[in-house]
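work_17.pdb (PDB, C-alpha atoms) appears below.
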```
MODEL        1
ATOM      1  CA  MET L   1       0.000   0.000   0.000
ATOM      2  CA  ALA L   2       1.344   3.440  -0.966
ATOM      3  CA  HIS L   3       2.261   5.805   1.855
ATOM      4  CA  THR L   4       0.009   8.858   2.013
ATOM      5  CA  VAL L   5       1.220  12.441   2.246
ATOM      6  CA  ALA L   6      -0.424  15.828   2.724
ATOM      7  CA  ILE L   7       1.298  19.025   1.628
ATOM      8  CA  ILE L   8       0.454  22.243   3.440
ATOM      9  CA  GLY L   9       1.557  25.808   2.790
ATOM     10  CA  SER L  10       0.329  28.990   1.167
ATOM     11  CA  PHE L  11      -1.505  27.815  -1.943
ATOM     12  CA  GLN L  12      -2.146  31.425  -2.909
ATOM     13  CA  LYS L  13       1.586  32.226  -2.934
ATOM     14  CA  TYR L  14       3.157  28.927  -3.973
ATOM     15  CA  TYR L  15       0.616  26.650  -5.674
ATOM     16  CA  ASN L  16       2.677  26.213  -8.864
ATOM     17  CA  GLU L  17       5.684  25.134  -6.787
ATOM     18  CA  ILE L  18       3.465  22.792  -4.736
ATOM     19  CA  LEU L  19       2.177  21.203  -7.968
ATOM     20  CA  SER L  20       5.790  20.413  -8.877
ATOM     21  CA  ILE L  21       6.328  18.815  -5.456
ATOM     22  CA  ILE L  22       3.182  16.691  -5.886
ATOM     23  CA  ARG L  23       4.666  15.316  -9.124
ATOM     24  CA  VAL L  24       7.975  14.547  -7.374
ATOM     25  CA  PHE L  25       6.138  12.630  -4.654
ATOM     26  CA  LYS L  26       3.923  10.721  -7.085
ATOM     27  CA  LYS L  27       6.916   9.777  -9.220
ATOM     28  CA  VAL L  28       8.415   7.776  -6.349
ATOM     29  CA  GLY L  29       5.083   6.102  -5.568
ATOM     30  CA  LEU L  30       3.658   8.281  -2.775
ATOM     31  CA  CYS L  31      -0.085   9.008  -2.646
ATOM     32  CA  VAL L  32      -0.817  12.720  -2.104
ATOM     33  CA  LEU L  33      -4.144  13.152  -0.281
ATOM     34  CA  SER L  34      -4.050  16.944  -0.249
ATOM     35  CA  PRO L  35      -4.027  19.139  -2.233
ATOM     36  CA  ASN L  36      -5.437  17.839  -5.501
ATOM     37  CA  GLU L  37      -3.715  18.585  -8.770
ATOM     38  CA  SER L  38      -6.105  21.279  -9.941
ATOM     39  CA  TYR L  39      -6.092  25.013 -10.590
ATOM     40  CA  ILE L  40      -7.289  28.050  -8.670
ATOM     41  CA  THR L  41     -10.639  29.441  -9.833
ATOM     42  CA  ASP L  42     -11.367  31.995  -7.096
ATOM     43  CA  LYS L  43      -9.941  33.697  -4.008
ATOM     44  CA  ILE L  44     -11.763  34.850  -0.884
ATOM     45  CA  GLY L  45      -9.286  36.935   1.096
ATOM     46  CA  ASP L  46      -6.287  34.633   1.637
ATOM     47  CA  PHE L  47      -8.398  31.526   0.949
ATOM     48  CA  VAL L  48      -8.246  29.937  -2.510
ATOM     49  CA  ILE L  49     -10.970  27.939  -4.260
ATOM     50  CA  PHE L  50      -9.889  25.138  -6.600
ATOM     51  CA  GLU L  51     -11.705  23.905  -9.663
ATOM     52  CA  SER L  52     -11.953  20.511  -7.939
ATOM     53  CA  ASP L  53     -13.768  21.974  -4.888
ATOM     54  CA  LYS L  54     -17.523  21.550  -4.584
ATOM     55  CA  LYS L  55     -19.164  24.715  -5.878
ATOM     56  CA  ASP L  56     -21.813  24.843  -3.131
ATOM     57  CA  PHE L  57     -19.337  24.392  -0.247
ATOM     58  CA  SER L  58     -18.315  27.345   1.922
ATOM     59  CA  PRO L  59     -14.613  28.047   2.672
ATOM     60  CA  ALA L  60     -15.148  26.664   6.195
ATOM     61  CA  GLU L  61     -16.562  23.409   4.799
ATOM     62  CA  ILE L  62     -13.730  23.104   2.269
ATOM     63  CA  GLN L  63     -11.182  23.709   5.030
ATOM     64  CA  MET L  64     -12.723  21.057   7.302
ATOM     65  CA  ILE L  65     -12.524  18.513   4.455
ATOM     66  CA  THR L  66      -8.890  19.494   3.877
ATOM     67  CA  LEU L  67      -8.097  19.093   7.592
ATOM     68  CA  ASP L  68      -9.610  15.616   7.526
ATOM     69  CA  LYS L  69      -7.309  14.654   4.636
ATOM     70  CA  ILE L  70      -4.296  16.114   6.433
ATOM     71  CA  ILE L  71      -5.043  14.157   9.614
ATOM     72  CA  ARG L  72      -5.607  10.931   7.637
ATOM     73  CA  ALA L  73      -2.265  11.240   5.846
ATOM     74  CA  ASP L  74       0.660   9.169   7.115
ATOM     75  CA  MET L  75       2.915  12.235   7.133
ATOM     76  CA  VAL L  76       2.865  15.955   6.332
ATOM     77  CA  TYR L  77       5.232  18.126   4.306
ATOM     78  CA  VAL L  78       5.188  21.891   4.857
ATOM     79  CA  TYR L  79       6.259  23.979   1.855
ATOM     80  CA  ASN L  80       7.526  27.167   3.513
ATOM     81  CA  PRO L  81      10.159  28.963   1.390
ATOM     82  CA  ASN L  82      12.357  31.273   3.483
ATOM     83  CA  GLY L  83      10.596  29.961   6.593
ATOM     84  CA  TYR L  84       7.216  31.572   5.818
ATOM     85  CA  VAL L  85       4.277  29.951   7.638
ATOM     86  CA  GLY L  86       0.890  31.620   7.100
ATOM     87  CA  LYS L  87      -2.044  31.573   9.503
ATOM     88  CA  THR L  88      -3.956  28.695   7.914
ATOM     89  CA  THR L  89      -0.778  26.609   7.692
ATOM     90  CA  CYS L  90      -0.072  27.530  11.303
ATOM     91  CA  TYR L  91      -3.242  25.998  12.678
ATOM     92  CA  GLU L  92      -3.060  23.015  10.293
ATOM     93  CA  LYS L  93       0.395  22.372  11.718
ATOM     94  CA  GLY L  94      -1.074  22.668  15.217
ATOM     95  CA  PHE L  95      -3.500  19.852  14.432
ATOM     96  CA  CYS L  96      -0.672  17.706  13.057
ATOM     97  CA  PHE L  97       1.466  18.279  16.130
ATOM     98  CA  SER L  98      -1.365  17.436  18.530
ATOM     99  CA  LYS L  99      -2.063  14.216  16.594
ATOM    100  CA  LYS L 100       1.612  13.126  16.694
ATOM    101  CA  LYS L 101       1.755  13.358  12.911
ATOM    102  CA  PRO L 102       5.253  13.110  11.348
ATOM    103  CA  ILE L 103       5.860  16.612   9.988
ATOM    104  CA  TYR L 104       8.690  17.933   7.839
ATOM    105  CA  PHE L 105       9.564  21.354   6.423
ATOM    106  CA  PHE L 106      11.065  22.754   3.215
ATOM    107  CA  ASP L 107      12.847  25.503   5.185
ATOM    108  CA  TYR L 108      13.324  26.066   8.904
ATOM    109  CA  PRO L 109      10.054  27.703  10.094
ATOM    110  CA  ASP L 110      10.287  31.379  10.928
ATOM    111  CA  ASP L 111       9.086  32.439  14.422
ATOM    112  CA  LEU L 112       7.079  29.251  15.001
ATOM    113  CA  PRO L 113       7.051  28.158  18.666
ATOM    114  CA  ILE L 114       7.563  24.421  18.167
ATOM    115  CA  PRO L 115      10.723  22.293  18.351
ATOM    116  CA  VAL L 116      12.211  21.514  14.920
ATOM    117  CA  ILE L 117      15.459  19.604  14.286
ATOM    118  CA  LYS L 118      17.129  21.031  11.173
ATOM    119  CA  ASN L 119      19.050  17.934  10.104
ATOM    120  CA  LYS L 120      15.998  15.696  10.588
ATOM    121  CA  GLN L 121      12.904  17.717   9.745
ATOM    122  CA  VAL L 122      14.093  20.316   7.232
ATOM    123  CA  LEU L 123      14.336  18.476   3.907
ATOM    124  CA  LYS L 124      14.074  19.233   0.213
ATOM    125  CA  PRO L 125      11.205  17.424  -1.573
ATOM    126  CA  GLU L 126      13.452  14.702  -3.015
ATOM    127  CA  GLU L 127      14.980  14.004   0.417
ATOM    128  CA  PHE L 128      11.567  13.854   2.060
ATOM    129  CA  ALA L 129      10.231  11.570  -0.703
ATOM    130  CA  TYR L 130      13.022   9.076  -0.011
ATOM    131  CA  ILE L 131      12.332   9.045   3.741
ATOM    132  CA  ALA L 132       8.572   8.803   3.219
ATOM    133  CA  PHE L 133       8.791   5.991   0.685
ATOM    134  CA  SER L 134      11.279   4.017   2.785
ATOM    135  CA  SER L 135       8.985   4.212   5.840
ATOM    136  CA  GLU L 136      11.561   6.180   7.838
ATOM    137  CA  ALA L 137       9.259   9.131   8.573
ATOM    138  CA  GLU L 138       8.483   9.463  12.266
ATOM    139  CA  PHE L 139       6.991  11.748  14.879
ATOM    140  CA  ILE L 140      10.138  13.352  16.256
ATOM    141  CA  THR L 141      10.578  13.135  20.025
ATOM    142  CA  ASP L 142      14.334  13.359  20.611
ATOM    143  CA  TYR L 143      14.493  17.137  20.926
ATOM    144  CA  SER L 144      17.211  18.720  23.028
ATOM    145  CA  LEU L 145      15.113  20.225  25.813
ATOM    146  CA  CYS L 146      15.779  21.359  29.345
ATOM    147  CA  THR L 147      14.706  18.883  32.046
ATOM    148  CA  ASP L 148      11.362  20.559  32.747
ATOM    149  CA  GLY L 149      10.769  21.135  29.034
ATOM    150  CA  GLU L 150      11.331  17.438  28.310
ATOM    151  CA  LYS L 151       8.971  16.444  31.120
ATOM    152  CA  ALA L 152       6.335  18.851  29.782
ATOM    153  CA  PHE L 153       6.753  17.404  26.268
ATOM    154  CA  ASN L 154       6.396  13.821  27.503
ATOM    155  CA  ASP L 155       3.382  14.683  29.637
ATOM    156  CA  LEU L 156       1.828  16.535  26.705
ATOM    157  CA  PHE L 157       1.805  13.481  24.471
ATOM    158  CA  ASP L 158       1.180  10.832  27.105
ATOM    159  CA  LEU L 159      -2.043  12.443  28.282
ATOM    160  CA  GLU L 160      -5.277  10.819  27.196
ATOM    161  CA  ARG L 161      -7.758  13.197  25.605
ATOM    162  CA  SER L 162     -10.370  14.488  28.001
ATOM    163  CA  VAL L 163     -13.426  15.124  25.822
ATOM    164  CA  ASN L 164     -15.687  16.420  28.578
ATOM    165  CA  PRO L 165     -13.562  17.607  31.486
ATOM    166  CA  VAL L 166     -15.402  17.174  34.777
ATOM    167  CA  LYS L 167     -15.486  20.202  37.034
ATOM    168  CA  ALA L 168     -12.729  21.928  35.066
ATOM    169  CA  LYS L 169     -12.343  25.279  36.777
ATOM    170  CA  LYS L 170      -9.732  27.298  34.912
ATOM    171  CA  ILE L 171      -9.643  29.607  31.918
ATOM    172  CA  VAL L 172      -6.406  30.129  29.985
ATOM    173  CA  ILE L 173      -6.159  33.697  28.674
ATOM    174  CA  CYS L 174      -4.361  34.123  25.341
ATOM    175  CA  GLY L 175      -3.532  37.050  23.092
ATOM    176  CA  SER L 176      -0.853  39.346  21.761
ATOM    177  CA  MET L 177       1.566  40.472  24.479
ATOM    178  CA  MET L 178       0.730  44.005  23.346
ATOM    179  CA  PHE L 179      -2.508  43.389  25.282
ATOM    180  CA  PHE L 180      -0.765  42.113  28.426
ATOM    181  CA  LYS L 181      -2.282  44.735  30.764
ATOM    182  CA  GLU L 182      -5.735  44.082  29.337
ATOM    183  CA  MET L 183      -5.316  40.314  29.858
ATOM    184  CA  VAL L 184      -4.361  40.899  33.495
ATOM    185  CA  ASN L 185      -7.441  43.109  33.833
ATOM    186  CA  CYS L 186      -9.564  40.244  32.454
ATOM    187  CA  GLN L 187      -8.023  37.941  35.044
ATOM    188  CA  ASN L 188      -8.998  40.367  37.818
ATOM    189  CA  GLN L 189     -12.557  40.625  36.507
ATOM    190  CA  LEU L 190     -12.862  36.836  36.278
ATOM    191  CA  LYS L 191     -11.597  36.550  39.839
ATOM    192  CA  LYS L 192     -14.475  38.767  40.989
ATOM    193  CA  LEU L 193     -16.837  36.409  39.149
ATOM    194  CA  GLY L 194     -15.360  33.415  40.984
ATOM    195  CA  ILE L 195     -13.438  32.043  37.997
ATOM    196  CA  GLU L 196      -9.752  31.141  38.181
ATOM    197  CA  SER L 197      -7.642  31.996  35.139
ATOM    198  CA  ILE L 198      -4.064  31.875  33.910
ATOM    199  CA  VAL L 199      -2.197  34.603  32.050
ATOM    200  CA  PRO L 200       1.325  34.548  30.628
ATOM    201  CA  LYS L 201       3.962  36.658  32.308
ATOM    202  CA  GLU L 202       5.321  39.685  30.485
ATOM    203  CA  GLU L 203       8.394  38.999  28.350
ATOM    204  CA  ASN L 204      10.215  42.263  29.050
ATOM    205  CA  GLU L 205      12.148  40.832  32.009
ATOM    206  CA  ALA L 206      13.693  38.191  29.730
ATOM    207  CA  VAL L 207      14.681  40.441  26.832
ATOM    208  CA  GLY L 208      17.901  41.679  28.417
ATOM    209  CA  LEU L 209      19.078  38.214  29.477
ATOM    210  CA  TYR L 210      19.457  36.588  26.045
ATOM    211  CA  ASP L 211      20.726  37.331  22.564
ATOM    212  CA  GLU L 212      18.213  37.094  19.705
ATOM    213  CA  ARG L 213      18.726  33.380  19.029
ATOM    214  CA  GLN L 214      18.554  32.434  22.704
ATOM    215  CA  PHE L 215      15.442  34.543  23.198
ATOM    216  CA  MET L 216      13.653  32.766  20.319
ATOM    217  CA  GLU L 217      14.528  29.367  21.836
ATOM    218  CA  PHE L 218      13.315  30.680  25.176
ATOM    219  CA  LYS L 219       9.980  31.752  23.634
ATOM    220  CA  LYS L 220       9.534  28.306  22.102
ATOM    221  CA  LYS L 221       9.897  26.612  25.496
ATOM    222  CA  VAL L 222       7.407  28.984  27.101
ATOM    223  CA  SER L 223       4.938  28.525  24.222
ATOM    224  CA  ARG L 224       5.065  24.734  24.538
ATOM    225  CA  THR L 225       4.366  24.986  28.248
ATOM    226  CA  TYR L 226       1.420  27.311  27.640
ATOM    227  CA  LEU L 227      -0.039  24.876  25.104
ATOM    228  CA  LYS L 228       0.153  22.212  27.808
ATOM    229  CA  LYS L 229      -1.896  24.476  30.095
ATOM    230  CA  ILE L 230      -4.641  24.545  27.449
ATOM    231  CA  ARG L 231      -4.729  20.736  27.370
ATOM    232  CA  ASP L 232      -4.701  20.412  31.158
ATOM    233  CA  LYS L 233      -7.735  18.523  32.495
ATOM    234  CA  GLU L 234      -8.466  21.455  34.817
ATOM    235  CA  THR L 235      -8.928  23.826  31.865
ATOM    236  CA  MET L 236     -12.494  24.513  30.806
ATOM    237  CA  GLY L 237     -11.653  26.843  27.916
ATOM    238  CA  VAL L 238      -9.576  29.690  26.539
ATOM    239  CA  LEU L 239     -10.320  33.390  26.497
ATOM    240  CA  ILE L 240      -8.796  35.086  23.463
ATOM    241  CA  TYR L 241      -8.229  38.775  24.098
ATOM    242  CA  ASN L 242      -8.691  40.213  20.613
ATOM    243  CA  ALA L 243      -8.741  44.001  20.431
ATOM    244  CA  LYS L 244      -7.671  46.564  17.816
ATOM    245  CA  LYS L 245      -3.990  46.281  16.889
ATOM    246  CA  ARG L 246      -2.295  48.485  14.287
ATOM    247  CA  GLY L 247      -5.706  49.606  13.079
ATOM    248  CA  ILE L 248      -7.040  46.026  12.712
ATOM    249  CA  ASP L 249     -10.204  45.255  14.702
ATOM    250  CA  ASN L 250     -10.450  42.097  16.843
ATOM    251  CA  TYR L 251      -6.888  41.091  15.937
ATOM    252  CA  ILE L 252      -5.724  37.477  16.357
ATOM    253  CA  GLY L 253      -2.048  36.796  15.604
ATOM    254  CA  ALA L 254      -0.310  33.616  14.440
ATOM    255  CA  ASN L 255       0.808  32.429  17.906
ATOM    256  CA  THR L 256      -2.657  33.032  19.352
ATOM    257  CA  LEU L 257      -4.130  31.110  16.423
ATOM    258  CA  VAL L 258      -1.975  28.088  17.339
ATOM    259  CA  GLU L 259      -3.306  28.276  20.914
ATOM    260  CA  LEU L 260      -6.845  28.617  19.604
ATOM    261  CA  ALA L 261      -6.400  25.569  17.345
ATOM    262  CA  MET L 262      -5.068  23.540  20.284
ATOM    263  CA  ALA L 263      -8.161  24.476  22.304
ATOM    264  CA  PHE L 264     -10.430  23.377  19.445
ATOM    265  CA  THR L 265      -8.568  20.084  19.018
ATOM    266  CA  TRP L 266      -9.011  19.292  22.718
ATOM    267  CA  ASN L 267     -12.683  20.300  22.882
ATOM    268  CA  ARG L 268     -12.061  23.309  25.089
ATOM    269  CA  LYS L 269     -14.555  26.140  24.836
ATOM    270  CA  ILE L 270     -13.258  29.174  22.950
ATOM    271  CA  PHE L 271     -14.277  32.662  24.050
ATOM    272  CA  LEU L 272     -13.419  35.789  22.065
ATOM    273  CA  PHE L 273     -13.318  38.871  24.289
ATOM    274  CA  ASN L 274     -14.610  41.019  21.444
ATOM    275  CA  ASP L 275     -16.132  40.074  18.088
ATOM    276  CA  ILE L 276     -15.071  37.799  15.220
ATOM    277  CA  TYR L 277     -11.722  38.554  13.554
ATOM    278  CA  SER L 278     -12.835  39.019   9.924
ATOM    279  CA  PRO L 279      -9.884  37.302   8.144
ATOM    280  CA  LEU L 280     -10.644  34.113  10.133
ATOM    281  CA  LYS L 281     -14.432  34.444  10.174
ATOM    282  CA  ASP L 282     -15.241  31.065   8.588
ATOM    283  CA  GLU L 283     -12.845  29.113  10.797
ATOM    284  CA  LEU L 284     -13.885  30.856  14.025
ATOM    285  CA  MET L 285     -17.575  30.334  13.302
ATOM    286  CA  ALA L 286     -17.006  26.682  12.357
ATOM    287  CA  TRP L 287     -15.171  26.195  15.664
ATOM    288  CA  ASP L 288     -18.161  27.550  17.634
ATOM    289  CA  CYS L 289     -16.227  30.451  19.137
ATOM    290  CA  ILE L 290     -18.329  32.448  21.593
ATOM    291  CA  CYS L 291     -18.126  36.235  21.162
ATOM    292  CA  LEU L 292     -18.380  38.045  24.497
ATOM    293  CA  ASN L 293     -18.308  41.572  23.069
ATOM    294  CA  GLY L 294     -16.538  42.691  26.236
ATOM    295  CA  ASP L 295     -19.047  41.081  28.647
ATOM    296  CA  LEU L 296     -17.328  38.475  30.852
ATOM    297  CA  ASN L 297     -20.659  37.659  32.531
ATOM    298  CA  LYS L 298     -21.421  35.616  29.396
ATOM    299  CA  LEU L 299     -18.388  33.478  30.203
ATOM    300  CA  LYS L 300     -19.694  32.959  33.731
ATOM    301  CA  GLY L 301     -22.973  31.811  32.202
ATOM    302  CA  GLU L 302     -21.119  29.115  30.265
ATOM    303  CA  PHE L 303     -19.503  27.963  33.512
ATOM    304  CA  ILE L 304     -22.928  27.520  35.044
ATOM    305  CA  LYS L 305     -24.169  25.596  31.978
ATOM    306  CA  GLU L 306     -21.231  23.203  32.324
ATOM    307  CA  ASN L 307     -21.988  22.708  36.055
ATOM    308  CA  MET L 308     -18.612  24.106  36.974
ATOM    309  CA  VAL L 309     -17.876  24.746  40.640
ATOM    310  CA  LEU L 310     -17.211  28.418  41.311
ATOM    311  CA  GLU L 311     -14.781  28.767  44.186
ATOM    312  CA  GLU L 312     -12.584  31.468  45.660
ATOM    313  CA  PRO L 313     -10.030  31.750  42.806
ATOM    314  CA  THR L 314      -6.315  32.203  43.244
ATOM    315  CA  ASP L 315      -4.094  34.385  41.069
ATOM    316  CA  SER L 316      -2.118  32.339  38.566
ATOM    317  CA  GLN L 317       0.457  33.717  36.221
ATOM    318  CA  LEU L 318       2.767  31.570  34.110
ATOM    319  CA  SER L 319       6.291  32.703  34.855
ATOM    320  CA  LEU L 320       8.671  32.828  31.956
ATOM    321  CA  PHE L 321      11.342  31.381  34.235
ATOM    322  CA  GLU L 322       9.224  28.627  35.746
ATOM    323  CA  PHE L 323      10.101  26.004  33.147
ATOM    324  CA  ILE L 324      13.722  26.772  32.263
TER
ENDMDL
END
```

Translate this structure into structure tokens?
Amino acid sequence: MAHTVAIIGSFQKYYNEILSIIRVFKKVGLCVLSPNESYITDKIGDFVIFESDKKDFSPAEIQMITLDKIIRADMVYVYNPNGYVGKTTCYEKGFCFSKKKPIYFFDYPDDLPIPVIKNKQVLKPEEFAYIAFSSEAEFITDYSLCTDGEKAFNDLFDLERSVNPVKAKKIVICGSMMFFKEMVNCQNQLKKLGIESIVPKEENEAVGLYDERQFMEFKKKVSRTYLKKIRDKETMGVLIYNAKKRGIDNYIGANTLVELAMAFTWNRKIFLFNDIYSPLKDELMAWDCICLNGDLNKLKGEFIKENMVLEEPTDSQLSLFEFI
């Protein structure tokens, strides 16, 4: 039986190059589940519609079908020239990572908070095709991590999925660090409502301790730990603080999107502090995100629906130095 592969990346930017890679993979006997060899007939924002797509399907429906193919593939190849990873690719990669899917890259990913081993996971198409066809592709686990980082990684992938967490009592607050003060304010408001929450700690105290390369490695370790918090059995959901940033309403950045995708994968409720972020409208609506429009009492209402126990909450802030 032929090994199956899914290719992800920016189809809008690089579809012709991806078509060439599909032909390389098929030539050695690999079966490419996604994308199809087709051509682009329409674009909706950053989303492309192929001639092979069902004409009556919405972008959200097309994307869900694509995600299903990606998850069913034996392995995934990310075409990311110069390290570029767009938002859709970012959350597709998040699904792959959470499913322990073997994942490989064309170039080393730029500013992506996951562990990647250059000499193992960064391969040209012909190199990847050889590994895939010879059944040598694997979910990489031998990363060089600090002791606590390694423990967090092992715990992350040894945990059994908790579909309906019982009496989960925490909310993990996510968002751009530009909104740090606002996230802390949300934590204080939730505390008054009897809901415990977690916020990241500001990065400024770490900036002066590392050079640029060390700081990026540092951010990756912290991001992995925060993703673990989202999967924790005590977590009921995530609150995405999405306000105006650089003139863009309800902004959700790439890192926050990864956290949001992790929450969706693990059946955590997703709350948006404000309204839907327009560029991701179809995905956010398909994922049943709950828009609070600034009213945290709506979040409390969801706690009551889930029969959560409201207790005297404690302050919880994830220290950047806690897991080093």

Handout entry: Residue contacts of L:Lys124 (8 Å, only C-alpha atoms) excluding same-chain residues fewer than 4 positions away, as a ChimeraX atom specification
Key = /L:105-106,128

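Proximity of L:Leu284, L:Leu123, L:Leu257, L:Ile198 to L:Gln63, computed with all atoms listed in the file, is greatest for L:Leu284.
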
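Ranking L:Leu260, L:Cys96, L:Ile171, L:Ile248 by their shortest atom-to-atom distance to L:Glu302, with all atoms listed in the file included, puts L:Ile171 first.
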
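Nearest residue to L:Leu227 among L:Asn119, L:Asn274, L:Ser98, L:Ser134 is L:Ser98, counting all atoms listed in the file.
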
Handout entry: Pick from L:Ile304, L:Val172, L:Val116, L:Val184 nearest to L:Met236, counting only C-alpha atoms
Key = L:Val172

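For the set L:Trp266, L:Phe303, L:Tyr91, L:Phe179, the residue with the smallest atom-to-atom gap to L:Leu280 is L:Tyr91, counting only C-alpha atoms.
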
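Nearest residue to L:Val222 among L:Asn255, L:Asn36, L:Ser20, L:Thr66 is L:Asn255, counting all atoms listed in the file.
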